[in-house]
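File shown: my_file-v6.txt. Contents: compact mmCIF, C-alpha atoms.
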```
# COMPACT_ATOMS: atom_id res chain seq x y z
CA MET E 157 36.12 32.58 68.37
CA GLU E 158 36.23 36.34 68.57
CA LEU E 159 32.82 37.98 68.89
CA LYS E 160 31.88 41.31 67.36
CA PRO E 161 30.66 44.16 69.58
CA ILE E 162 27.05 44.10 70.77
CA ILE E 163 24.72 46.28 68.70
CA ALA E 164 21.41 47.87 69.54
CA TYR E 165 18.25 46.11 68.33
CA SER E 166 17.49 49.22 66.30
CA ASP E 167 20.68 48.57 64.29
CA PHE E 168 19.57 45.00 63.57
CA GLU E 169 16.18 46.27 62.40
CA LYS E 170 17.94 48.22 59.63
CA LEU E 171 18.98 44.96 57.91
CA ASP E 172 16.65 43.83 55.13
CA MET E 173 17.22 40.09 54.71
CA ARG E 174 15.10 38.26 52.15
CA VAL E 175 14.66 34.82 50.60
CA GLY E 176 15.65 34.63 46.95
CA THR E 177 15.86 31.86 44.38
CA ILE E 178 19.06 31.54 42.39
CA VAL E 179 18.06 31.41 38.70
CA SER E 180 21.56 31.24 37.24
CA ALA E 181 25.08 30.78 38.58
CA GLU E 182 28.42 30.93 36.80
CA ALA E 183 32.09 31.34 37.55
CA VAL E 184 33.50 34.83 37.13
CA PRO E 185 36.22 34.77 34.45
CA ASP E 186 39.76 35.28 35.77
CA SER E 187 38.64 34.74 39.39
CA LYS E 188 39.21 31.69 41.56
CA LYS E 189 36.90 32.95 44.32
CA LEU E 190 33.87 34.57 42.72
CA LEU E 191 30.56 33.33 41.35
CA LYS E 192 28.00 35.51 39.55
CA LEU E 193 24.43 34.75 40.55
CA ALA E 194 21.13 36.00 39.18
CA VAL E 195 18.59 35.95 42.01
CA ASP E 196 14.80 36.23 41.86
CA PHE E 197 13.35 38.18 44.79
CA GLY E 198 9.78 38.03 43.54
CA SER E 199 9.35 41.67 42.57
CA GLU E 200 12.77 41.94 40.91
CA GLU E 201 15.88 40.05 39.85
CA ARG E 202 19.30 41.13 41.07
CA GLN E 203 22.90 40.25 40.30
CA VAL E 204 24.91 38.99 43.26
CA VAL E 205 28.65 38.33 43.21
CA ALA E 206 29.71 35.93 45.95
CA GLY E 207 33.11 34.62 47.04
CA ILE E 208 32.04 30.97 47.27
CA ALA E 209 33.60 29.41 44.15
CA LYS E 210 35.96 27.24 46.21
CA ASP E 211 33.01 25.69 48.04
CA TYR E 212 30.79 25.37 44.96
CA PRO E 213 33.15 24.40 42.10
CA ASP E 214 30.11 23.45 39.98
CA PRO E 215 27.97 26.57 40.31
CA THR E 216 25.07 24.93 38.47
CA VAL E 217 24.23 23.03 41.68
CA LEU E 218 23.00 26.35 43.09
CA VAL E 219 20.43 26.96 40.35
CA GLU E 220 16.84 26.77 41.65
CA LYS E 221 18.04 26.78 45.27
CA GLN E 222 16.71 29.33 47.70
CA ALA E 223 19.06 31.25 49.95
CA ILE E 224 19.09 34.18 52.35
CA PHE E 225 20.37 37.56 51.13
CA LEU E 226 20.97 40.98 52.65
CA ILE E 227 19.37 43.23 50.04
CA ASN E 228 19.78 46.73 51.46
CA ILE E 229 23.57 46.75 51.49
CA GLU E 230 25.31 49.31 49.31
CA PRO E 231 26.15 47.85 45.87
CA ARG E 232 29.78 46.84 45.47
CA THR E 233 31.87 46.19 42.38
CA LEU E 234 33.86 42.94 42.40
CA ALA E 235 35.94 41.89 39.39
CA GLY E 236 34.16 44.55 37.35
CA LEU E 237 30.68 43.23 38.23
CA GLU E 238 28.17 45.05 40.42
CA SER E 239 26.86 43.00 43.34
CA GLN E 240 23.40 44.22 44.30
CA ALA E 241 22.94 42.13 47.47
CA MET E 242 24.98 39.92 49.78
CA LEU E 243 24.57 36.15 50.01
CA LEU E 244 24.60 34.95 53.63
CA VAL E 245 26.75 31.93 54.45
CA ALA E 246 27.88 30.02 57.50
CA ALA E 247 31.67 29.96 57.33
CA SER E 248 34.52 28.18 59.04
CA ASP E 249 38.22 28.43 58.21
CA ASP E 250 37.90 25.89 55.40
CA GLN E 251 34.24 25.87 54.31
CA ALA E 252 31.33 28.16 53.47
CA VAL E 253 27.74 26.91 53.22
CA ILE E 254 24.85 29.04 51.99
CA LEU E 255 22.03 29.73 54.43
CA GLN E 256 18.73 28.36 53.15
CA PRO E 257 15.16 28.22 54.43
CA SER E 258 14.27 24.73 55.69
CA VAL E 259 11.08 24.71 53.57
CA PRO E 260 10.34 26.52 50.28
CA MET E 261 9.27 30.13 50.82
CA PRO E 262 7.90 32.75 48.43
CA ASN E 263 10.68 34.80 46.83
CA GLY E 264 11.10 38.07 48.69
CA SER E 265 9.97 36.62 52.06
CA LEU E 266 11.34 38.69 54.93
CA VAL E 267 13.86 37.06 57.27
CA GLN E 268 13.20 38.22 60.82
```

Could the structure of this file be written out as structure tokens, please?
Amino acid sequence: MELKPIIAYSDFEKLDMRVGTIVSAEAVPDSKKLLKLAVDFGSEERQVVAGIAKDYPDPTVLVEKQAIFLINIEPRTLAGLESQAMLLVAASDDQAVILQPSVPMPNGSLVQ
């Protein structure tokens, strides 16, 4: 396992990670990798495009699940859709699993 360079704590503090609840999830047409998620962060709903379709072939299993998202990342267009946050996953060579709080949390809760 190759590690990334060490960063200053002040760089970590710039990351805004929040709990969100997935309110809808669907496959992105003409993509084998992407899912389109609508995520409730309490004060707002955002669209998130995530490359987890292989690991979640039935995206409806994600609906009503909470997950951890990086919300202050620059929006990115994937398959013509704007992704307004990044879903955090634990990944190995052959599997990705979404990171979730161990107990229900209010939408928008800060991950520290």

Show me, as a ChimeraX atom specification, the residues that have an atom within 6 Å of E:Leu191 when counting only C-alpha atoms, minus same-chain residues fewer than 3 positions from it.
/E:182-184,205-206,209

Could you check the closest approach to E:Leu234 for each of E:Gln256, E:Asn263, E:Ser248, E:Ser187 and tell me which residue wins, using only C-alpha atoms?
E:Ser187

Around all the atoms of stretch 205-213 of chain E listed in the file, draw an axis-aligned box and extend it by 4 Å on each of the six sides; I want its centre and edge lengths in Å to one decimal, as lines of an AutoDock Vina configuration file.
```
center_x = 32.3
center_y = 31.4
center_z = 45.1
size_x = 15.3
size_y = 21.9
size_z = 13.9
```

Once you count only C-alpha atoms, what closest atom pair and distance in Å to one decimal does each residue of stretch 190-259 of chain E within 7 Å of stretch 165-178 of chain E have, with rows by chain and rising residue number, as JSON lines?
```
{"residue": "E:Leu193", "atom": "CA", "partner": "E:Ile178", "partner_atom": "CA", "distance": 6.5}
{"residue": "E:Ala194", "atom": "CA", "partner": "E:Ile178", "partner_atom": "CA", "distance": 5.9}
{"residue": "E:Val195", "atom": "CA", "partner": "E:Ile178", "partner_atom": "CA", "distance": 4.5}
{"residue": "E:Asp196", "atom": "CA", "partner": "E:Thr177", "partner_atom": "CA", "distance": 5.2}
{"residue": "E:Phe197", "atom": "CA", "partner": "E:Gly176", "partner_atom": "CA", "distance": 4.7}
{"residue": "E:Leu218", "atom": "CA", "partner": "E:Ile178", "partner_atom": "CA", "distance": 6.6}
{"residue": "E:Val219", "atom": "CA", "partner": "E:Ile178", "partner_atom": "CA", "distance": 5.2}
{"residue": "E:Glu220", "atom": "CA", "partner": "E:Ile178", "partner_atom": "CA", "distance": 5.3}
{"residue": "E:Lys221", "atom": "CA", "partner": "E:Thr177", "partner_atom": "CA", "distance": 5.6}
{"residue": "E:Gln222", "atom": "CA", "partner": "E:Thr177", "partner_atom": "CA", "distance": 4.3}
{"residue": "E:Ala223", "atom": "CA", "partner": "E:Gly176", "partner_atom": "CA", "distance": 5.7}
{"residue": "E:Ile224", "atom": "CA", "partner": "E:Val175", "partner_atom": "CA", "distance": 4.8}
{"residue": "E:Phe225", "atom": "CA", "partner": "E:Met173", "partner_atom": "CA", "distance": 5.4}
{"residue": "E:Leu226", "atom": "CA", "partner": "E:Met173", "partner_atom": "CA", "distance": 4.4}
{"residue": "E:Ile227", "atom": "CA", "partner": "E:Asp172", "partner_atom": "CA", "distance": 5.8}
{"residue": "E:Asn228", "atom": "CA", "partner": "E:Asp172", "partner_atom": "CA", "distance": 5.6}
```

With only C-alpha atoms as the basis for distance, which of E:Ala164, E:Val179, E:Ala252, E:Leu237 is at the shortest distance from E:Gly207?
E:Ala252
